[in-house]
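J.: Pasting a structure here, questions to come.
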Amino acid sequence: MAQISLNFTPEEEALINQEYQALVADYMASPHRQKTEIIEQAFQLARRAHGLVRRRPIAVARIVCKEMGLGSTSICSALLHDVVEDTEYTVEDIRRGFGDKIAQIVEGLTKISSEQVPQNIDSLQAQNIRKLLLTIGDDARVILIKIADRLHNMRTLGSMKPDKQLKIAGETSFFYAPLADRLGLFSIKTELEDLSFRYEHPDAYDEIQRKVKESEAGREDLFHRFAAPLKARFDEMGLKYEMKTRVKGCFSIWRKMQIKGIPFEEVYDLFAIRIIFDSSDGYPEKN
């Protein structure tokens, strides 16, 4: 296996360890929390391979764990997801250290990275790339980790040059957000859409975000008036429940305005109220 010698300052070590400990805390708070040893092993290899300048694998692993709910195999694959592409390590090195499954996922991620969406893309190319991503390997975790990687990429897009921002935002809105939607990752899909919208249509994004902010007080008042009698009744019945609001994404609002030809003020489904009940033992959840 390739060996890389790295020297970190105490501050650098502290930052890396802080981010890694946050990942471990996410994992221990999940239903999995059984295989911290292999996660530690993957972290140490990624750290040796990438050095300080590549903290991205930890961030991607946290998305995979905390926001997607995946386990140790996916977390390790996320930590190692671009080791083969960017360093001297090979898929066989990964296989020897972590077994066939993680090696297979890392290999699938490496193949996807070599098939990025071109800047000037036609519909036939788009269909071919979609087919590639949906059929590569035999493990859906390859696709999920790639989406997590793209989400982290979009969250840190502000540090890139404008032309790069537009290219990545275009790929994301065209391909990754619809893919996340098809896989049921609805909150991630909304964030990918909004982050893409922010870079592709910055003025429209800022205007809608401002208006959403201005309507916040009215929404809160409506929610409390709607929720109060329901909460009183649910508490009286001894039900276990959670009640929360969800605001429509900026891109979704803008798209509805464009399709319907209406102003912001006529988007009436701006927010929704969600009530989640815990069913009691012996009582059918459907009832």
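Here's how to read the names in the structure tokens: chain A, B, ... by the order shown, residue numbers from 1 in each chain, ligand numbers from 1 in the order shown.
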Go through range 84-262 of chain A and collect every residue that DSSP, computed from the backbone, puts in strand (DSSP E or B); the answer should be as number ranges by chain.
T.: A: 240-247
J.: Please list as a VMD selection string every residue within 9 Å of Leu239 in chain A, counting only C-alpha atoms and excluding residues in the same chain fewer than 6 positions away.
T.: chain A and resid 277 to 280
J.: Could you pull out the residues in range 17-258 of chain A that DSSP calls alpha helix (DSSP H) from the backbone, as an NGL selection string?
T.: :A and (17-28 or 36-50 or 56-62 or 72-79 or 83-86 or 91-98 or 100-113 or 123-135 or 141-155 or 162-171 or 177-182 or 186-200 or 202-214 or 216-237 or 250-258)
J.: Show which residues sit within 12 Å of Lys211 in chain A, as a list in words. Count only C-alpha atoms, and ignore same-chain residues fewer than 6 positions away.
T.: Ala204, Tyr205, Ala217, Gly218, Cys250, Ile253, Trp254, Pro263, Phe264, Glu265, Val267 and Leu270 of chain A
J.: For the residues selected in the previous step, produce a file with N, CA and C atoms as a PDB file, in the first residue's frame.
T.:
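Once everything was written out, this is out.pdb:
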```
ATOM      1  N   ALA A 204     -33.315  36.881  -8.565  1.00  0.00           N
ATOM      2  CA  ALA A 204     -34.613  36.283  -8.252  1.00  0.00           C
ATOM      3  C   ALA A 204     -34.556  35.542  -6.917  1.00  0.00           C
ATOM      4  N   TYR A 205     -33.435  34.861  -6.677  1.00  0.00           N
ATOM      5  CA  TYR A 205     -33.271  34.139  -5.412  1.00  0.00           C
ATOM      6  C   TYR A 205     -33.324  35.104  -4.227  1.00  0.00           C
ATOM      7  N   ALA A 217     -43.340  36.347  10.187  1.00  0.00           N
ATOM      8  CA  ALA A 217     -44.146  36.657  11.374  1.00  0.00           C
ATOM      9  C   ALA A 217     -45.597  36.225  11.170  1.00  0.00           C
ATOM     10  N   GLY A 218     -46.140  36.504   9.984  1.00  0.00           N
ATOM     11  CA  GLY A 218     -47.513  36.114   9.696  1.00  0.00           C
ATOM     12  C   GLY A 218     -47.690  34.608   9.681  1.00  0.00           C
ATOM     13  N   CYS A 250     -37.187  28.126  -2.204  1.00  0.00           N
ATOM     14  CA  CYS A 250     -37.178  29.320  -3.070  1.00  0.00           C
ATOM     15  C   CYS A 250     -37.341  28.946  -4.539  1.00  0.00           C
ATOM     16  N   ILE A 253     -40.924  27.937  -5.256  1.00  0.00           N
ATOM     17  CA  ILE A 253     -41.782  29.128  -5.313  1.00  0.00           C
ATOM     18  C   ILE A 253     -41.612  29.828  -6.658  1.00  0.00           C
ATOM     19  N   TRP A 254     -40.378  30.038  -7.052  1.00  0.00           N
ATOM     20  CA  TRP A 254     -40.082  30.736  -8.320  1.00  0.00           C
ATOM     21  C   TRP A 254     -40.643  29.972  -9.511  1.00  0.00           C
ATOM     22  N   PRO A 263     -47.675  36.523  -9.120  1.00  0.00           N
ATOM     23  CA  PRO A 263     -46.682  37.119  -8.223  1.00  0.00           C
ATOM     24  C   PRO A 263     -46.499  36.270  -6.977  1.00  0.00           C
ATOM     25  N   PHE A 264     -45.489  36.598  -6.196  1.00  0.00           N
ATOM     26  CA  PHE A 264     -45.192  35.877  -4.962  1.00  0.00           C
ATOM     27  C   PHE A 264     -46.413  35.820  -4.046  1.00  0.00           C
ATOM     28  N   GLU A 265     -47.149  36.921  -3.967  1.00  0.00           N
ATOM     29  CA  GLU A 265     -48.273  37.028  -3.039  1.00  0.00           C
ATOM     30  C   GLU A 265     -49.397  36.041  -3.352  1.00  0.00           C
ATOM     31  N   VAL A 267     -48.840  32.851  -4.272  1.00  0.00           N
ATOM     32  CA  VAL A 267     -48.386  31.477  -4.006  1.00  0.00           C
ATOM     33  C   VAL A 267     -48.943  31.097  -2.642  1.00  0.00           C
ATOM     34  N   LEU A 270     -47.306  28.394   0.432  1.00  0.00           N
ATOM     35  CA  LEU A 270     -45.962  28.815   0.816  1.00  0.00           C
ATOM     36  C   LEU A 270     -45.386  27.943   1.921  1.00  0.00           C
TER      37      LEU A 270
END
```
J.: From the options A:Ile259, A:Thr190, A:Glu37, A:Gly158, which residue's atoms come nearest to Arg246 in chain A, counting only C-alpha atoms?
T.: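 Of A:Ile259, A:Thr190, A:Glu37, A:Gly158, the one nearest Arg246 in chain A, counting only C-alpha atoms, is A:Thr190.
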J.: A:Pro162, A:Val64, A:Ala46, A:Asp100: which is nearest Glu88 in chain A, counting only C-alpha atoms?
T.: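 Of the candidates, the smallest distance to Glu88 in chain A is held by A:Ala46.
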J.: Just how far from CA of Pro10 in chain A is CA of Ile75 in chain A, in Å to one decimal?
T.: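 Taking CA of Ile75 in chain A as the start and CA of Pro10 in chain A as the end point, the length is 25.9 Å.
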J.: Might you pull out every residue within 10 Å of range 92-96 of chain A, with only C-alpha atoms counted and same-chain residues fewer than 4 positions away left off, and present them as a list in words?
T.: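 The contact residues come out as Met1, Ala2, Ala42, Leu45, Ser77, Leu80, Val83, Val84, Glu88, Asp100, Lys101, Ile102, Ala103, Gln104, Val106 and Glu107 of chain A.
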J.: Save out the residues we just selected, N, CA, C and O atoms, as a compact mmCIF listing (two decimals), in the first residue's frame.
T.:
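In the end it all went to selection.txt:
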```
# COMPACT_ATOMS: atom_id res chain seq x y z
N MET A 1 0.84 -1.19 0.00
CA MET A 1 0.00 0.00 0.00
C MET A 1 0.88 1.24 0.00
O MET A 1 1.90 1.29 0.68
N ALA A 2 0.45 2.26 -0.73
CA ALA A 2 1.24 3.49 -0.81
C ALA A 2 1.36 4.13 0.56
O ALA A 2 0.43 4.13 1.36
N ALA A 42 -10.81 3.87 8.31
CA ALA A 42 -11.02 4.60 7.06
C ALA A 42 -10.59 6.05 7.21
O ALA A 42 -9.99 6.65 6.30
N LEU A 45 -6.79 6.34 7.06
CA LEU A 45 -6.26 6.18 5.70
C LEU A 45 -6.54 7.43 4.86
O LEU A 45 -5.65 7.92 4.15
N SER A 77 -17.00 4.31 2.97
CA SER A 77 -16.90 4.56 1.53
C SER A 77 -16.86 6.06 1.25
O SER A 77 -16.14 6.51 0.35
N LEU A 80 -13.48 7.44 2.02
CA LEU A 80 -12.48 6.97 1.05
C LEU A 80 -12.89 7.27 -0.39
O LEU A 80 -12.21 6.83 -1.32
N VAL A 83 -10.19 8.71 -2.71
CA VAL A 83 -8.80 8.32 -2.46
C VAL A 83 -8.16 7.71 -3.71
O VAL A 83 -7.03 8.06 -4.09
N VAL A 84 -8.89 6.82 -4.37
CA VAL A 84 -8.34 6.15 -5.55
C VAL A 84 -8.15 7.13 -6.70
O VAL A 84 -7.16 7.08 -7.43
N GLU A 88 -2.28 7.92 -4.66
CA GLU A 88 -1.60 6.75 -5.20
C GLU A 88 -2.26 5.43 -4.79
O GLU A 88 -1.89 4.36 -5.28
N ASP A 100 -14.42 -6.45 0.15
CA ASP A 100 -14.96 -6.31 -1.20
C ASP A 100 -16.03 -5.23 -1.32
O ASP A 100 -16.08 -4.49 -2.30
N LYS A 101 -16.95 -5.16 -0.35
CA LYS A 101 -18.10 -4.25 -0.49
C LYS A 101 -17.67 -2.79 -0.53
O LYS A 101 -18.09 -2.03 -1.42
N ILE A 102 -16.82 -2.37 0.40
CA ILE A 102 -16.36 -0.97 0.41
C ILE A 102 -15.52 -0.70 -0.83
O ILE A 102 -15.64 0.36 -1.46
N ALA A 103 -14.69 -1.65 -1.23
CA ALA A 103 -13.88 -1.48 -2.43
C ALA A 103 -14.77 -1.31 -3.66
O ALA A 103 -14.50 -0.49 -4.55
N GLN A 104 -15.84 -2.09 -3.72
CA GLN A 104 -16.77 -2.02 -4.85
C GLN A 104 -17.44 -0.64 -4.92
O GLN A 104 -17.58 -0.05 -5.99
N VAL A 106 -16.31 2.23 -3.58
CA VAL A 106 -15.28 3.22 -3.93
C VAL A 106 -14.96 3.17 -5.42
O VAL A 106 -14.81 4.20 -6.09
N GLU A 107 -14.89 1.97 -5.96
CA GLU A 107 -14.62 1.82 -7.40
C GLU A 107 -15.75 2.43 -8.23
O GLU A 107 -15.52 3.11 -9.23
```
J.: Report, in Å with one decimal, the straight-line distance from CA of Lys167 in chain A to CA of Cys65 in chain A.
T.: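 Going from CA of Lys167 in chain A over to CA of Cys65 in chain A covers 27.7 Å.
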J.: How far is it from CA of Thr73 in chain A to CA of Phe174 in chain A, in Å with one decimal?
T.: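 Computed distance, CA of Thr73 in chain A to CA of Phe174 in chain A, equals 28.9 Å.
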